[in-house]
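Printed here is my_file16.cif (mmCIF, C-alpha atoms):
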data_model
#
loop_
_atom_site.label_atom_id
_atom_site.label_comp_id
_atom_site.auth_asym_id
_atom_site.auth_seq_id
_atom_site.Cartn_x
_atom_site.Cartn_y
_atom_site.Cartn_z
CA ALA W 128 19.48 25.44 13.20
CA GLN W 129 16.29 23.60 14.07
CA ARG W 130 16.50 21.82 17.37
CA VAL W 131 14.12 20.39 19.95
CA THR W 132 15.27 19.76 23.50
CA GLN W 133 13.48 17.59 26.02
CA PRO W 134 15.65 17.79 29.13
CA GLU W 135 14.07 14.93 31.06
CA LYS W 136 14.54 11.33 29.95
CA LEU W 137 12.20 10.07 32.66
CA LEU W 138 9.43 11.69 34.66
CA SER W 139 7.86 9.67 37.42
CA VAL W 140 4.72 10.88 39.25
CA PHE W 141 1.88 9.46 41.30
CA LYS W 142 -1.66 9.16 40.03
CA GLY W 143 -3.55 12.40 40.52
CA ALA W 144 -0.44 14.56 40.58
CA PRO W 145 0.12 17.35 38.04
CA VAL W 146 2.40 16.62 35.12
CA GLU W 147 4.57 18.92 33.03
CA LEU W 148 6.78 17.54 30.27
CA LYS W 149 9.25 20.15 29.14
CA CYS W 150 10.07 21.01 25.54
CA ASN W 151 12.26 23.84 24.27
CA TYR W 152 12.95 24.60 20.65
CA SER W 153 15.34 26.53 18.50
CA TYR W 154 13.98 27.89 15.20
CA SER W 155 14.46 31.17 13.40
CA GLY W 156 11.09 31.23 11.65
CA SER W 157 7.52 30.96 12.84
CA PRO W 158 7.40 27.65 14.70
CA GLU W 159 4.81 24.94 14.41
CA LEU W 160 5.00 22.39 17.21
CA PHE W 161 3.50 19.02 18.02
CA TRP W 162 3.42 16.46 20.78
CA TYR W 163 3.51 12.79 19.82
CA VAL W 164 2.88 9.87 22.17
CA GLN W 165 3.83 6.20 22.07
CA TYR W 166 2.00 3.89 24.46
CA SER W 167 3.44 0.47 25.23
CA ARG W 168 3.18 -1.83 22.20
CA GLN W 169 1.42 0.82 20.14
CA ARG W 170 2.57 2.97 17.28
CA LEU W 171 3.75 6.54 17.63
CA GLN W 172 0.78 8.88 17.16
CA LEU W 173 -0.03 12.56 17.24
CA LEU W 174 -1.33 13.80 20.58
CA LEU W 175 -1.81 17.47 19.86
CA ARG W 176 -0.54 20.42 17.85
CA HIS W 177 -0.19 23.99 18.99
CA ILE W 178 -2.14 25.54 16.11
CA SER W 179 -5.26 23.64 17.16
CA ARG W 180 -5.15 24.96 20.73
CA GLU W 181 -6.96 21.81 21.77
CA SER W 182 -7.02 19.63 24.86
CA ILE W 183 -6.58 15.92 24.19
CA LYS W 184 -6.98 13.35 26.97
CA GLY W 185 -6.72 16.22 29.44
CA PHE W 186 -3.36 17.37 28.06
CA THR W 187 -2.69 20.93 26.92
CA ALA W 188 0.38 22.67 25.57
CA ASP W 189 0.91 26.37 25.08
CA LEU W 190 3.48 27.84 22.76
CA ASN W 191 5.60 30.44 24.53
CA LYS W 192 7.64 32.24 21.90
CA GLY W 193 9.45 34.38 24.46
CA GLU W 194 10.78 31.32 26.26
CA THR W 195 10.84 29.19 23.08
CA SER W 196 8.95 26.49 24.94
CA PHE W 197 6.03 24.15 24.30
CA HIS W 198 5.58 22.30 27.56
CA LEU W 199 2.92 19.58 27.83
CA LYS W 200 0.72 19.76 30.91
CA LYS W 201 -2.00 17.78 32.62
CA PRO W 202 -3.46 18.73 36.00
CA PHE W 203 -4.17 15.18 37.23
CA ALA W 204 -2.13 12.31 35.83
CA GLN W 205 -3.70 8.91 35.21
CA GLU W 206 -1.97 5.53 35.06
CA GLU W 207 -2.95 5.17 31.42
CA ASP W 208 -0.90 8.28 30.62
CA SER W 209 2.27 6.25 31.11
CA ALA W 210 4.03 6.38 27.74
CA MET W 211 6.88 7.89 25.78
CA TYR W 212 6.26 11.50 24.74
CA TYR W 213 8.04 13.29 21.92
CA CYS W 214 7.98 16.98 21.15
CA ALA W 215 8.39 17.84 17.46
CA LEU W 216 9.05 20.99 15.44
CA ARG W 217 8.06 21.45 11.82
CA GLY W 218 11.16 21.88 9.71
CA PHE W 219 11.43 22.09 5.92
CA GLN W 220 9.40 19.16 4.61
CA LYS W 221 10.01 17.12 7.77
CA LEU W 222 9.53 17.08 11.53
CA VAL W 223 12.41 17.51 13.95
CA PHE W 224 11.86 15.37 17.03
CA GLY W 225 13.24 15.70 20.52
CA THR W 226 14.82 12.77 22.33
CA GLY W 227 11.61 11.99 24.19
CA THR W 228 10.52 11.80 27.82
CA ARG W 229 9.20 8.63 29.38
CA LEU W 230 6.30 9.36 31.73
CA LEU W 231 5.58 6.81 34.45
CA VAL W 232 2.42 7.27 36.49
CA SER W 233 2.32 5.09 39.59
CA PRO W 234 -0.87 4.16 41.49
CA GLU G 45 -5.81 -2.13 5.35
CA THR G 46 -5.73 1.50 6.39
CA GLY G 47 -3.03 3.87 7.56
CA VAL G 48 0.62 2.87 7.35
CA THR G 49 1.61 -0.79 7.29
CA GLN G 50 5.02 -2.37 7.64
CA THR G 51 6.28 -5.87 6.91
CA PRO G 52 7.72 -7.91 8.37
CA ARG G 53 6.92 -7.00 11.96
CA HIS G 54 9.91 -8.95 13.25
CA LEU G 55 13.14 -9.87 11.49
CA VAL G 56 16.21 -11.73 12.66
CA MET G 57 19.17 -11.71 10.31
CA GLY G 58 22.84 -12.57 10.29
CA MET G 59 25.49 -10.03 9.46
CA THR G 60 26.03 -11.47 6.00
CA ASN G 61 22.36 -11.61 5.01
CA LYS G 62 20.47 -9.31 2.68
CA LYS G 63 16.90 -8.44 3.56
CA SER G 64 14.37 -5.71 2.83
CA LEU G 65 11.81 -3.89 4.96
CA LYS G 66 8.60 -2.80 3.31
CA CYS G 67 6.30 0.11 4.12
CA GLU G 68 3.00 0.96 2.47
CA GLN G 69 0.76 3.94 3.14
CA HIS G 70 -2.93 4.00 2.24
CA LEU G 71 -3.47 7.67 3.06
CA GLY G 72 -2.71 9.29 -0.30
CA HIS G 73 0.31 11.09 1.13
CA ASN G 74 3.25 12.30 -0.91
CA ALA G 75 6.08 12.08 1.61
CA MET G 76 7.53 9.06 3.39
CA TYR G 77 10.18 8.64 6.06
CA TRP G 78 12.37 5.99 7.68
CA TYR G 79 13.26 6.32 11.37
CA LYS G 80 15.39 4.19 13.67
CA GLN G 81 14.24 3.81 17.26
CA SER G 82 16.63 2.33 19.81
CA ALA G 83 17.31 2.59 23.52
CA LYS G 84 20.41 4.75 22.93
CA LYS G 85 18.78 7.23 20.55
CA PRO G 86 15.02 7.11 20.87
CA LEU G 87 14.07 8.49 17.44
CA GLU G 88 16.54 9.04 14.61
CA LEU G 89 15.45 10.25 11.20
CA MET G 90 17.21 8.21 8.50
CA PHE G 91 15.71 9.09 5.12
CA VAL G 92 13.09 11.44 3.71
CA TYR G 93 11.30 11.03 0.40
CA ASN G 94 9.17 13.83 -0.99
CA PHE G 95 7.27 13.24 -4.22
CA LYS G 96 9.26 9.97 -4.62
CA GLU G 97 12.60 11.77 -4.50
CA GLN G 98 15.06 11.38 -1.68
CA THR G 99 15.46 14.78 -0.06
CA GLU G 100 17.39 13.78 3.03
CA ASN G 101 19.93 11.18 4.01
CA ASN G 102 20.84 11.74 7.63
CA SER G 103 24.41 10.40 7.42
CA VAL G 104 23.16 6.86 7.27
CA PRO G 105 25.73 4.11 6.51
CA SER G 106 25.57 2.68 3.01
CA ARG G 107 24.58 -0.75 4.35
CA PHE G 108 21.08 0.81 4.52
CA SER G 109 19.67 1.53 1.07
CA PRO G 110 16.21 3.08 0.64
CA GLU G 111 13.96 2.76 -2.37
CA CYS G 112 10.73 4.60 -3.15
CA PRO G 113 9.18 3.23 -6.36
CA ASN G 114 5.98 5.26 -5.95
CA SER G 115 4.35 7.55 -3.44
CA SER G 116 2.66 4.66 -1.62
CA HIS G 117 5.60 2.32 -1.12
CA LEU G 118 8.94 2.65 0.63
CA PHE G 119 11.59 0.00 1.07
CA LEU G 120 14.71 -0.23 3.18
CA HIS G 121 17.25 -2.69 1.78
CA LEU G 122 19.66 -4.10 4.33
CA HIS G 123 23.00 -5.80 3.77
CA THR G 124 26.04 -6.68 5.89
CA LEU G 125 24.48 -5.14 8.99
CA GLN G 126 26.15 -4.90 12.38
CA PRO G 127 24.71 -5.96 15.76
CA GLU G 128 24.39 -2.29 16.73
CA ASP G 129 21.87 -1.91 13.90
CA SER G 130 19.39 -3.93 15.94
CA ALA G 131 16.46 -1.59 16.61
CA LEU G 132 12.85 -0.81 15.77
CA TYR G 133 12.59 0.68 12.28
CA LEU G 134 9.63 2.98 11.83
CA CYS G 135 8.08 4.20 8.62
CA ALA G 136 5.92 7.33 8.48
CA SER G 137 4.07 9.32 5.87
CA SER G 138 2.69 12.83 5.58
CA GLN G 139 1.19 15.26 3.11
CA VAL G 140 3.50 18.12 2.22
CA GLN G 141 3.24 21.05 -0.16
CA ALA G 142 5.80 21.56 -2.91
CA ALA G 143 6.68 24.96 -1.52
CA GLY G 144 7.55 23.45 1.83
CA SER G 145 4.33 24.36 3.60
CA GLY G 146 1.66 21.96 4.88
CA SER G 147 0.87 20.62 8.31
CA TYR G 148 3.48 17.84 8.22
CA GLU G 149 1.52 15.72 10.67
CA GLN G 150 3.16 12.35 10.33
CA TYR G 151 1.40 9.01 10.50
CA PHE G 152 3.54 6.14 11.72
CA GLY G 153 3.54 2.45 11.02
CA PRO G 154 3.88 -0.18 13.77
CA GLY G 155 7.55 -0.72 13.00
CA THR G 156 9.78 -3.68 12.18
CA ARG G 157 11.75 -5.07 15.11
CA LEU G 158 15.14 -5.97 13.64
CA THR G 159 17.67 -8.17 15.41
CA VAL G 160 21.11 -8.64 13.87
CA THR G 161 22.99 -11.69 15.13
#
So, in terms of structure tokens, how does the structure I just supplied come out?
Amino acid sequence: AQRVTQPEKLLSVFKGAPVELKCNYSYSGSPELFWYVQYSRQRLQLLLRHISRESIKGFTADLNKGETSFHLKKPFAQEEDSAMYYCALRGFQKLVFGTGTRLLVSP
Amino acid sequence: ETGVTQTPRHLVMGMTNKKSLKCEQHLGHNAMYWYKQSAKKPLELMFVYNFKEQTENNSVPSRFSPECPNSSHLFLHLHTLQPEDSALYLCASSQVQAAGSGSYEQYFGPGTRLTVT
């Protein structure tokens, strides 16, 4: 079965602190994973995908097949990073989303 | 208008009303999706249309009826809804391959905020 688990509903940090949003997946094939972000009053949008191996807005995510994880990391959080973050796994002709983690960055 | 648009942006309806949500994508994609976003379940996939054919119905009650007349338009017809159906309804589109491959990056609309009274 295809499943994405985000264990934390809420992650609260101070500005400048490191951030790690956890994502674990279950998939028998070769996984393709994404992180989506939804800022307040904005639409859900793609943040990054593992196949691009890119850093967007200071965020990176590495696929760890041994641990079946795709955690999202940023070394120094900013207040504007406060948002809802969803991890997603490519299924057959659709994406399977996790339940999301709300990140709150306080000044 | 570019990207994915949804109308109306806000809708208040009684439990006996019939209304429709509209989604239009201007990206040339061939797959469209309806999601429900609420406080209890942040993102629930409801329906999937690939090449205008419904390929997934995620155990959605029959009071929600989707329609996909062409690859650019998707509707969600609503009737005899319940207060617990109040939520943000999101539409998305993506480009998929017939064999099931493709990047599947989804582009989302702004959503319709539905309140059932």
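Using only C-alpha atoms, the set of residues no farther than 6 Å from the position (7.0, -6.1, 14.3) comprises G:Arg53, G:His54, G:Gly155, G:Thr156, G:Arg157.
Excluding Ser233 (chain W) itself and same-chain residues fewer than 6 positions from it, the residues having an atom within 9 Å of it are W:Ser139, W:Val140, W:Phe141, W:Lys142, W:Gln205, W:Glu206, W:Ser209, counting all atoms listed in the file.
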Spell out the residues picked by the PyMOL selection byres ((chain W) within 12 of (chain G)) here, as a count of residues only.
44
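In this structure, CA of Thr46 (chain G) sits 12.0 Å away from CA of Ser116 (chain G).
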Apply the PyMOL selection byres ((chain W and resi 152) around 8) to the structure shown and report the selected residues as a PyMOL selection string.
chain W and resi 129-132+150-151+153-154+195-197+216
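We find CA of Glu128 (chain G) and CA of Gln50 (chain G) to be spaced 21.4 Å apart.
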Provide the CA of Phe95 (chain G) to CA of Ser115 (chain G) distance in Å, to one decimal place.
6.4 Å
Which polymer residues have any atom within 9 Å of an atom of Gly58 (chain G), counting all atoms listed in the file, with same-chain residues fewer than 5 positions away left out, as a PyMOL selection string?
chain G and resi 124-127+159-161
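Minimum atom-to-atom distances from G:Asn114, G:Ser82, G:Asn61, G:Asn102 to Ser130 (chain G) were compared using all atoms listed in the file, and the lowest value belongs to G:Ser82.
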Under the PyMOL selection byres ((chain G and resi 71) around 8), which residues of this model are included? Write them out as a VMD selection string.
chain G and resid 46 to 48 69 to 70 72 to 73
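Point (6.9, -1.3, -1.0) has the following residues at most 7 Å away: G:Lys66, G:Cys67, G:Glu68, G:His117, G:Leu118, G:Phe119 (atoms considered: all atoms listed in the file).
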Which residues, written as an mmCIF file with C-alpha atoms, in the coordinates of the input, have at least one atom at most 8 Å from Lys201 (chain W), with all atoms listed in the file counted and residues fewer than 2 positions away on the same chain left out?
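Heads up, here's the output in result04.cif:
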data_model
loop_
_atom_site.group_PDB
_atom_site.id
_atom_site.type_symbol
_atom_site.label_atom_id
_atom_site.label_comp_id
_atom_site.auth_asym_id
_atom_site.auth_seq_id
_atom_site.Cartn_x
_atom_site.Cartn_y
_atom_site.Cartn_z
ATOM 1 C CA PRO W 145 0.120 17.350 38.040
ATOM 2 C CA VAL W 146 2.400 16.620 35.120
ATOM 3 C CA GLU W 147 4.570 18.920 33.030
ATOM 4 C CA GLY W 185 -6.720 16.220 29.440
ATOM 5 C CA PHE W 186 -3.360 17.370 28.060
ATOM 6 C CA THR W 187 -2.690 20.930 26.920
ATOM 7 C CA LEU W 199 2.920 19.580 27.830
ATOM 8 C CA PHE W 203 -4.170 15.180 37.230
ATOM 9 C CA ALA W 204 -2.130 12.310 35.830
#
